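Novice: Got a structure here, written out as structure tokens. Questions coming.
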Amino acid sequence: MKKIALIIIGVIGFIVIFLGVSLIAGYNKLVEVNEEVDYQYSEIDRRLQQRYDTLTQLATAVNGFQTHEQTIYDMITSAREAYAAAKASGDLEGMVQADALQSVALTNLLALFEDNEPLQATEAYGDYMDAVWGIESALSEARRQYNLSVQEYNLYVRKFPGVLYASLFNYDNEIAYWKVAEGATQIPDIVFGD
Amino acid sequence: MKSAIKSAVILLLILFALFACQSKSDYPEPTKEFYVNDFADKLLPAVESTIVREGERLFEEESEDGNISGVQIVFATFTVENETDIAKYNLSDLYNQWGIGKDDMGVLIVYFYVGDTEDPSSLDLKEIKIEIGYAMEVYLSPIEAGNILDTTIMIDEDESIGTAHLLYELLSVVYVDVFGYNSFNYDLDEYQNYLDTYLPYSDYDSLWGWILYVILTPYASWWEKGILVLIGLAILGLGGGVVKNIGGGGRSGGMGIRRRR
């Protein structure tokens, strides 16, 4: 009788320890994948800020070279305001929208550069294009890394036992991917040395 | 019956272990020299030796406050059949897989050669990319990296000189901007002399090739073969004579520049 009681206590103890360890490991994994998403999001944020700085520099460069400055400045201002509002609210959709607005402003600026021969002849032209290519490349990579981290998170919280931990600890059961307008994720095809 | 179940369980465990260990990397592992990874087999041994020597020296450098050390500049060459295949290479993934530079202080330079991958003589250098580690972005912007490419490998007629020129310009940025040196001087004419007089057996790989050649060739005398066998064994006994460099664990985030030729 005593032996059976010991076995039952042992089995219950084993189950309690097993559940406890699983719970701790599962919770830690949940925190880890969630933290990675937050980190990658902050990386996109940092790159968007860098792109805004690059846009401002480019806008200064075209100043005086073309007749539609106001339109370009309005576009950049809209992109900046959308970015600041989205950042303040922490709204993913707003950030994606701000990203798209910046892309439009950048594309228009590059078009102005292409149409402006005196501007292309300046020594700084190549530098501006390098800055644009660099930041677009970095932003594209930041978006990709963010989406990879979201994919890992979503897979974890949908599969067993992650689904239980997410529900138990009140974590989102899905995080939205960073989806941008078609073509906006592509790095402008700036070719040198041909 | 029991043994069959036991065998099945062991087999399943082995399969699970193999699956768990499966490598997810898309790119080759770096060479043991680490700083030069000439998969296209296009760089001269002398240039490779320079990249490794300078790379090892730079890795040992430390800032005065001790906060920065382990900077790494790594070269890689790849062959592709056509230029569109270059887009399949994600340099951030490659950089992160190799873990270049301690605390993200690294630079990766990749040469893409296009042509018949089976025939090295048909390969032409078509694209050069520079990937900059997160922390290195502060010291090396895409503008600066682009200007360095434009004044070195993009205009130097000789690829070997161009590569050395590129390396020395990058070293100049690191030594001056990162480590606070007043200047970093180099002489390309002197480097040309070095290329012309380089002894192919002055690095470890070639040394081993030479030892094996002498041991196996019918033209060497038995006492020469014997001495080299003893030297070879002595080097092996002292640690193999194999220098293995490794990455500092750095990461990059897509910042960089490219040029097409």
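Ordered as shown in the structure tokens, chains take letters A, B, and onward, while each chain numbers its residues from 1 and ligands are numbered from 1 in the order shown.
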Can you pull out every residue within 10 Å of stretch 142-159 of chain A, counting only C-alpha atoms, but drop anything in the same chain fewer than 6 positions away, and send it as a PyMOL selection string?
Specialist: (chain A and resi 26+29-48+136+165-167+171-180+185) or (chain B and resi 253-255)
Novice: Write the selection just made, keeping N, CA and C atoms, as a short mmCIF file (atom, residue, chain, number, x, y, z; two decimals), in the first residue's frame?
Specialist:
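Result saved to result-v3.cif:
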```cif
data_model
loop_
_atom_site.label_atom_id
_atom_site.label_comp_id
_atom_site.auth_asym_id
_atom_site.auth_seq_id
_atom_site.Cartn_x
_atom_site.Cartn_y
_atom_site.Cartn_z
N GLY A 26 8.59 27.20 -22.33
CA GLY A 26 7.63 27.75 -23.30
C GLY A 26 7.48 29.25 -23.16
N LYS A 29 10.59 31.00 -24.45
CA LYS A 29 10.63 31.00 -25.92
C LYS A 29 9.67 32.06 -26.48
N LEU A 30 8.51 32.18 -25.84
CA LEU A 30 7.52 33.18 -26.25
C LEU A 30 8.09 34.60 -26.12
N VAL A 31 8.73 34.84 -24.99
CA VAL A 31 9.35 36.16 -24.76
C VAL A 31 10.43 36.41 -25.82
N GLU A 32 11.22 35.37 -26.10
CA GLU A 32 12.33 35.49 -27.05
C GLU A 32 11.83 35.86 -28.46
N VAL A 33 10.80 35.13 -28.96
CA VAL A 33 10.33 35.41 -30.33
C VAL A 33 9.61 36.77 -30.39
N ASN A 34 8.93 37.12 -29.30
CA ASN A 34 8.24 38.42 -29.26
C ASN A 34 9.25 39.57 -29.23
N GLU A 35 10.31 39.36 -28.45
CA GLU A 35 11.35 40.39 -28.33
C GLU A 35 12.06 40.59 -29.66
N GLU A 36 12.25 39.50 -30.39
CA GLU A 36 12.91 39.59 -31.70
C GLU A 36 12.06 40.43 -32.67
N VAL A 37 10.73 40.25 -32.62
CA VAL A 37 9.84 41.05 -33.47
C VAL A 37 9.99 42.53 -33.11
N ASP A 38 9.97 42.82 -31.80
CA ASP A 38 10.10 44.22 -31.35
C ASP A 38 11.42 44.83 -31.80
N TYR A 39 12.49 44.02 -31.69
CA TYR A 39 13.82 44.51 -32.07
C TYR A 39 13.86 44.82 -33.57
N GLN A 40 13.32 43.90 -34.36
CA GLN A 40 13.34 44.11 -35.82
C GLN A 40 12.46 45.30 -36.23
N TYR A 41 11.38 45.50 -35.49
CA TYR A 41 10.51 46.65 -35.74
C TYR A 41 11.29 47.95 -35.48
N SER A 42 12.03 47.96 -34.38
CA SER A 42 12.81 49.16 -34.04
C SER A 42 13.90 49.40 -35.08
N GLU A 43 14.38 48.32 -35.69
CA GLU A 43 15.40 48.45 -36.73
C GLU A 43 14.80 49.13 -37.97
N ILE A 44 13.57 48.75 -38.33
CA ILE A 44 12.90 49.41 -39.48
C ILE A 44 12.71 50.89 -39.15
N ASP A 45 12.29 51.15 -37.92
CA ASP A 45 12.06 52.52 -37.47
C ASP A 45 13.34 53.36 -37.65
N ARG A 46 14.45 52.77 -37.22
CA ARG A 46 15.75 53.47 -37.32
C ARG A 46 16.09 53.74 -38.79
N ARG A 47 15.86 52.75 -39.64
CA ARG A 47 16.18 52.91 -41.06
C ARG A 47 15.25 53.95 -41.72
N LEU A 48 13.98 53.98 -41.30
CA LEU A 48 13.06 54.98 -41.86
C LEU A 48 13.52 56.39 -41.50
N GLU A 136 18.28 52.25 -49.05
CA GLU A 136 17.22 51.37 -49.57
C GLU A 136 17.59 49.90 -49.36
N TYR A 165 0.61 28.52 -24.54
CA TYR A 165 1.37 29.53 -23.79
C TYR A 165 0.91 30.94 -24.17
N ALA A 166 0.70 31.17 -25.48
CA ALA A 166 0.29 32.50 -25.94
C ALA A 166 -1.04 32.89 -25.31
N SER A 167 -1.95 31.92 -25.26
CA SER A 167 -3.26 32.19 -24.68
C SER A 167 -3.15 32.36 -23.15
N TYR A 171 -0.56 36.69 -24.94
CA TYR A 171 0.21 37.24 -26.05
C TYR A 171 -0.65 37.21 -27.32
N ASP A 172 -0.34 38.10 -28.28
CA ASP A 172 -1.09 38.11 -29.54
C ASP A 172 -0.99 36.75 -30.23
N ASN A 173 -2.09 36.32 -30.85
CA ASN A 173 -1.98 35.04 -31.56
C ASN A 173 -1.61 35.24 -33.03
N GLU A 174 -1.40 36.47 -33.42
CA GLU A 174 -0.87 36.74 -34.76
C GLU A 174 -0.34 38.17 -34.81
N ILE A 175 0.79 38.35 -35.48
CA ILE A 175 1.32 39.70 -35.71
C ILE A 175 1.33 39.93 -37.23
N ALA A 176 0.94 41.12 -37.65
CA ALA A 176 0.86 41.40 -39.08
C ALA A 176 2.24 41.56 -39.70
N TYR A 177 2.36 41.10 -40.94
CA TYR A 177 3.61 41.26 -41.69
C TYR A 177 3.73 42.71 -42.19
N TRP A 178 4.95 43.10 -42.50
CA TRP A 178 5.19 44.42 -43.07
C TRP A 178 4.98 44.30 -44.58
N LYS A 179 3.79 44.73 -45.02
CA LYS A 179 3.49 44.61 -46.45
C LYS A 179 3.50 46.01 -47.06
N VAL A 180 4.34 46.19 -48.04
CA VAL A 180 4.40 47.51 -48.67
C VAL A 180 3.87 47.44 -50.09
N THR A 185 9.46 47.81 -52.20
CA THR A 185 10.51 47.06 -51.50
C THR A 185 11.77 46.93 -52.34
N GLY B 253 23.26 44.76 -41.46
CA GLY B 253 21.83 44.94 -41.77
C GLY B 253 21.57 45.47 -43.15
N GLY B 254 22.38 45.05 -44.12
CA GLY B 254 22.10 45.40 -45.51
C GLY B 254 22.72 46.71 -45.97
N MET B 255 23.35 47.46 -45.08
CA MET B 255 23.96 48.72 -45.49
C MET B 255 25.23 48.43 -46.30
#
```
Novice: Residues of chain A were defined as contacting chain B if any atom lay at most 9 Å from it, counting only C-alpha atoms; please report them as a list of chain:residue names.
Specialist: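 So the residues of chain A near chain B are A:Glu43, A:Gly126, A:Asp127, A:Tyr128, A:Met129, A:Asp130, A:Ala131, A:Val132, A:Trp133, A:Gly134, A:Ile135, A:Glu136, A:Ser137, A:Ala138, A:Leu139, A:Ser140, A:Glu141, A:Ala142, A:Gln145, A:Val191, A:Phe192, A:Gly193, A:Asp194.
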Novice: Once you have the residues from the selection above, write them out as a tab-separated table (two decimals), in the first residue's frame, restricted to N, CA, C and O atoms.
Specialist:
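The resulting file, out.tsv, is shown below:
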```tsv
chain	number	residue	atom	x	y	z
A	43	GLU	N	14.38	48.32	-35.69
A	43	GLU	CA	15.40	48.45	-36.73
A	43	GLU	C	14.80	49.13	-37.97
A	43	GLU	O	15.44	50.01	-38.58
A	126	GLY	N	26.71	61.50	-57.62
A	126	GLY	CA	27.06	60.10	-57.35
A	126	GLY	C	26.94	59.78	-55.87
A	126	GLY	O	26.47	58.70	-55.49
A	127	ASP	N	27.35	60.73	-55.03
A	127	ASP	CA	27.27	60.52	-53.58
A	127	ASP	C	25.82	60.35	-53.13
A	127	ASP	O	25.50	59.50	-52.32
A	128	TYR	N	24.93	61.21	-53.70
A	128	TYR	CA	23.52	61.10	-53.33
A	128	TYR	C	22.97	59.73	-53.72
A	128	TYR	O	22.24	59.09	-52.96
A	129	MET	N	23.33	59.29	-54.91
A	129	MET	CA	22.83	58.00	-55.37
A	129	MET	C	23.36	56.86	-54.50
A	129	MET	O	22.66	55.89	-54.22
A	130	ASP	N	24.62	56.98	-54.08
A	130	ASP	CA	25.18	55.97	-53.18
A	130	ASP	C	24.42	55.94	-51.86
A	130	ASP	O	24.13	54.88	-51.31
A	131	ALA	N	24.11	57.15	-51.35
A	131	ALA	CA	23.38	57.23	-50.07
A	131	ALA	C	22.00	56.59	-50.22
A	131	ALA	O	21.56	55.83	-49.35
A	132	VAL	N	21.34	56.86	-51.35
A	132	VAL	CA	20.01	56.29	-51.59
A	132	VAL	C	20.10	54.77	-51.69
A	132	VAL	O	19.34	54.04	-51.06
A	133	TRP	N	21.07	54.28	-52.48
A	133	TRP	CA	21.19	52.84	-52.66
A	133	TRP	C	21.47	52.15	-51.31
A	133	TRP	O	20.88	51.11	-51.00
A	134	GLY	N	22.36	52.76	-50.54
A	134	GLY	CA	22.72	52.18	-49.24
A	134	GLY	C	21.52	52.09	-48.30
A	134	GLY	O	21.26	51.03	-47.73
A	135	ILE	N	20.77	53.18	-48.21
A	135	ILE	CA	19.65	53.17	-47.24
A	135	ILE	C	18.52	52.27	-47.73
A	135	ILE	O	17.86	51.59	-46.94
A	136	GLU	N	18.28	52.25	-49.05
A	136	GLU	CA	17.22	51.37	-49.57
A	136	GLU	C	17.59	49.90	-49.36
A	136	GLU	O	16.73	49.08	-49.05
A	137	SER	N	18.86	49.60	-49.54
A	137	SER	CA	19.32	48.23	-49.32
A	137	SER	C	19.13	47.84	-47.85
A	137	SER	O	18.64	46.75	-47.53
A	138	ALA	N	19.49	48.76	-46.95
A	138	ALA	CA	19.37	48.49	-45.51
A	138	ALA	C	17.90	48.37	-45.10
A	138	ALA	O	17.54	47.51	-44.29
A	139	LEU	N	17.07	49.22	-45.68
A	139	LEU	CA	15.64	49.19	-45.33
A	139	LEU	C	14.99	47.90	-45.83
A	139	LEU	O	14.17	47.27	-45.13
A	140	SER	N	15.36	47.53	-47.03
A	140	SER	CA	14.84	46.29	-47.60
A	140	SER	C	15.22	45.10	-46.72
A	140	SER	O	14.40	44.21	-46.45
A	141	GLU	N	16.47	45.08	-46.24
A	141	GLU	CA	16.93	44.00	-45.36
A	141	GLU	C	16.20	44.05	-44.01
A	141	GLU	O	15.81	43.01	-43.46
A	142	ALA	N	15.95	45.27	-43.50
A	142	ALA	CA	15.25	45.41	-42.21
A	142	ALA	C	13.82	44.87	-42.33
A	142	ALA	O	13.33	44.18	-41.42
A	145	GLN	N	14.03	41.06	-42.43
A	145	GLN	CA	14.32	40.48	-41.11
A	145	GLN	C	13.10	40.58	-40.20
A	145	GLN	O	12.82	39.66	-39.42
A	191	VAL	N	22.75	52.25	-61.44
A	191	VAL	CA	23.89	51.50	-61.95
A	191	VAL	C	25.07	52.43	-62.17
A	191	VAL	O	24.93	53.50	-62.74
A	192	PHE	N	26.21	52.04	-61.68
A	192	PHE	CA	27.42	52.83	-61.85
A	192	PHE	C	28.43	52.04	-62.66
A	192	PHE	O	28.43	50.83	-62.66
A	193	GLY	N	29.27	52.77	-63.30
A	193	GLY	CA	30.43	52.15	-63.91
A	193	GLY	C	30.17	51.47	-65.23
A	193	GLY	O	31.03	50.78	-65.76
A	194	ASP	N	28.94	51.55	-65.77
A	194	ASP	CA	28.68	50.91	-67.07
A	194	ASP	C	29.32	51.72	-68.20
A	194	ASP	O	29.45	52.91	-68.10
```
Novice: If we count only C-alpha atoms, what is near stretch 100-110 of chain A at a cut-off of 9 Å, once residues fewer than 5 positions away on the same chain are taken out, given as a ChimeraX atom specification?
Specialist: /A:48,51-52,55,58-59,62,72-73,75-76,78-80,82-83,95,115,129,132,180-181,184-185,188
Novice: Any chance you could list, as a VMD selection string, the residues in chain A that come up alpha helix (DSSP H) when DSSP is run on the backbone?
Specialist: chain A and resid 2 to 62 69 to 89 92 to 115 117 to 120 124 to 158 162 to 168
Novice: For B:Val114, list every protein, DNA or RNA residue within 9 Å, evaluated using only C-alpha atoms, and leave out those in the same chain fewer than 6 positions away; present the list as a list of chain:residue names.
Specialist: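 Contacts, with the query itself left out: B:Phe78, B:Thr79, B:Val80, B:Glu81, B:Asn82, B:Glu83, B:Ile86, B:Ser122, B:Leu123, B:Asp124, B:Leu125, B:Lys126, B:Glu127.
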Novice: Can you tell me, as a list in words, what residues are no more than 10 Å from B:Lys225 when counting only C-alpha atoms, ignoring any on the same chain fewer than 5 positions away?
Specialist: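 Residues near the query, excluding close chain neighbours: Ile211, Leu212, Tyr213, Val214, Ile215, Leu216, Thr217, Pro218, Ala220, Leu230 and Ile231 of chain B.
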Novice: Write a file of the just-selected residues containing N, CA and C atoms, as an mmCIF file, in the first residue's frame.
Specialist:
```
data_model
loop_
_atom_site.group_PDB
_atom_site.id
_atom_site.type_symbol
_atom_site.label_atom_id
_atom_site.label_comp_id
_atom_site.auth_asym_id
_atom_site.auth_seq_id
_atom_site.Cartn_x
_atom_site.Cartn_y
_atom_site.Cartn_z
ATOM 1 N N ILE B 211 56.176 20.784 -49.837
ATOM 2 C CA ILE B 211 56.717 19.625 -49.104
ATOM 3 C C ILE B 211 56.242 18.325 -49.752
ATOM 4 N N LEU B 212 54.949 18.260 -50.057
ATOM 5 C CA LEU B 212 54.393 17.053 -50.680
ATOM 6 C C LEU B 212 55.014 16.808 -52.053
ATOM 7 N N TYR B 213 55.198 17.919 -52.785
ATOM 8 C CA TYR B 213 55.776 17.793 -54.134
ATOM 9 C C TYR B 213 57.174 17.188 -54.055
ATOM 10 N N VAL B 214 57.978 17.726 -53.135
ATOM 11 C CA VAL B 214 59.360 17.243 -53.034
ATOM 12 C C VAL B 214 59.386 15.788 -52.570
ATOM 13 N N ILE B 215 58.467 15.448 -51.646
ATOM 14 C CA ILE B 215 58.453 14.070 -51.147
ATOM 15 C C ILE B 215 58.057 13.090 -52.268
ATOM 16 N N LEU B 216 57.129 13.513 -53.103
ATOM 17 C CA LEU B 216 56.600 12.595 -54.121
ATOM 18 C C LEU B 216 57.382 12.606 -55.442
ATOM 19 N N THR B 217 58.072 13.714 -55.706
ATOM 20 C CA THR B 217 58.720 13.812 -57.016
ATOM 21 C C THR B 217 59.923 12.850 -57.138
ATOM 22 N N PRO B 218 60.127 12.290 -58.312
ATOM 23 C CA PRO B 218 61.289 11.389 -58.479
ATOM 24 C C PRO B 218 62.602 12.165 -58.618
ATOM 25 N N ALA B 220 63.756 14.505 -56.545
ATOM 26 C CA ALA B 220 64.412 14.862 -55.272
ATOM 27 C C ALA B 220 65.161 13.638 -54.740
ATOM 28 N N LEU B 230 60.713 14.753 -41.948
ATOM 29 C CA LEU B 230 60.974 15.105 -40.535
ATOM 30 C C LEU B 230 60.439 16.512 -40.225
ATOM 31 N N ILE B 231 60.679 17.461 -41.139
ATOM 32 C CA ILE B 231 60.183 18.842 -40.929
ATOM 33 C C ILE B 231 58.662 18.836 -40.857
#
```
Novice: If you run DSSP over the backbone, which residues in stretch 34-153 of chain B end up strand (DSSP E)? Put them as number ranges by chain.
Specialist: B: 36-38, 72-80, 106-114, 124-133
Novice: Choose the residue, out of B:Tyr95, B:Asn37, B:Glu62, B:Ala46, that has the smallest atom-to-atom separation from B:Tyr198; count only C-alpha atoms.
Specialist: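 For B:Tyr198, the nearest of the given residues is B:Ala46.
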Novice: At most 12 Å is the cut-off: for each residue in stretch 116-160 of chain B with any atom that close to an atom of stretch 173-193 of chain B, write down the nearest atom pair and the distance in Å rounded to one decimal, counting only C-alpha atoms, chain first then increasing number, as CSV.
Specialist:
```
residue,atom,partner,partner_atom,distance
B:Ala135,CA,B:Val178,CA,10.7
B:Met136,CA,B:Val178,CA,8.9
B:Glu137,CA,B:Val178,CA,11.2
B:Val138,CA,B:Val178,CA,9.4
B:Tyr139,CA,B:Asp177,CA,6.5
B:Leu140,CA,B:Val173,CA,7.4
B:Ser141,CA,B:Val173,CA,10.7
B:Glu144,CA,B:Val173,CA,9.3
B:Ala145,CA,B:Val173,CA,9.7
B:Ile148,CA,B:Val173,CA,9.8
B:Thr152,CA,B:Leu188,CA,11.1
B:Asp156,CA,B:Leu188,CA,11.0
B:Asp158,CA,B:Gln192,CA,10.2
B:Glu159,CA,B:Gln192,CA,11.8
B:Ser160,CA,B:Gln192,CA,9.1
```
Novice: If you measure from atom CA of B:Met105 to atom CA of B:Thr50, what distance in Å do you get, rounded to one decimal?
Specialist: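 It comes out at 20.2 Å.
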Novice: Atom CA of B:Thr77 and atom CA of B:Ile109, how far apart in Å?
Specialist: 8.4 Å
Novice: Counting only C-alpha atoms, what is within 12 Å of B:Thr31, bar same-chain residues fewer than 2 positions away, as a list in words?
Specialist: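 Everything that qualifies: Tyr27, Pro28, Glu29, Glu33, Phe34, Tyr35, Val36, Asn37, Asp38, Phe39, Glu48, Val52, Val74, Phe75, Ala76, Thr77, Trp98, Asp205, Val242, Val243, Lys244, Asn245, Ile246 and Gly247 of chain B.
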Novice: Mind writing the picked residues with C-alpha atoms as a PDB file, in the first residue's frame?
Specialist:
```pdb
ATOM      1  CA  TYR B  27      26.535  29.760 -48.244  1.00  0.00           C
ATOM      2  CA  PRO B  28      29.873  27.952 -47.929  1.00  0.00           C
ATOM      3  CA  GLU B  29      31.708  28.114 -44.653  1.00  0.00           C
ATOM      4  CA  GLU B  33      42.294  31.872 -43.241  1.00  0.00           C
ATOM      5  CA  PHE B  34      38.896  33.611 -42.882  1.00  0.00           C
ATOM      6  CA  TYR B  35      39.971  36.981 -44.300  1.00  0.00           C
ATOM      7  CA  VAL B  36      40.175  35.709 -47.871  1.00  0.00           C
ATOM      8  CA  ASN B  37      37.664  33.317 -49.405  1.00  0.00           C
ATOM      9  CA  ASP B  38      38.590  32.999 -53.046  1.00  0.00           C
ATOM     10  CA  PHE B  39      35.901  30.566 -54.175  1.00  0.00           C
ATOM     11  CA  GLU B  48      45.593  36.548 -50.601  1.00  0.00           C
ATOM     12  CA  VAL B  52      45.284  37.579 -44.456  1.00  0.00           C
ATOM     13  CA  VAL B  74      36.968  40.004 -45.250  1.00  0.00           C
ATOM     14  CA  PHE B  75      37.173  39.350 -48.997  1.00  0.00           C
ATOM     15  CA  ALA B  76      35.174  36.741 -50.907  1.00  0.00           C
ATOM     16  CA  THR B  77      34.925  35.866 -54.591  1.00  0.00           C
ATOM     17  CA  TRP B  98      30.395  34.204 -41.084  1.00  0.00           C
ATOM     18  CA  ASP B 205      49.147  26.054 -47.857  1.00  0.00           C
ATOM     19  CA  VAL B 242      47.524  25.318 -39.623  1.00  0.00           C
ATOM     20  CA  VAL B 243      46.414  28.850 -38.893  1.00  0.00           C
ATOM     21  CA  LYS B 244      42.684  29.089 -38.359  1.00  0.00           C
ATOM     22  CA  ASN B 245      41.074  32.475 -38.024  1.00  0.00           C
ATOM     23  CA  ILE B 246      37.441  32.851 -37.036  1.00  0.00           C
ATOM     24  CA  GLY B 247      34.815  35.577 -37.170  1.00  0.00           C
TER      25      GLY B 247
END
```
Novice: Would you compute the distance between atom CA of A:Lys3 and atom CA of A:Ile17? Give it in Å to one decimal.
Specialist: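 For atom CA of A:Lys3 relative to atom CA of A:Ile17, the distance reads 20.8 Å.
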Novice: Near B:Lys102, counting only C-alpha atoms, which residues have an atom at most 7 Å away, once you skip same-chain residues fewer than 3 positions from it, shown as a PyMOL selection string?
Specialist: chain B and resi 69-71+105+248-250
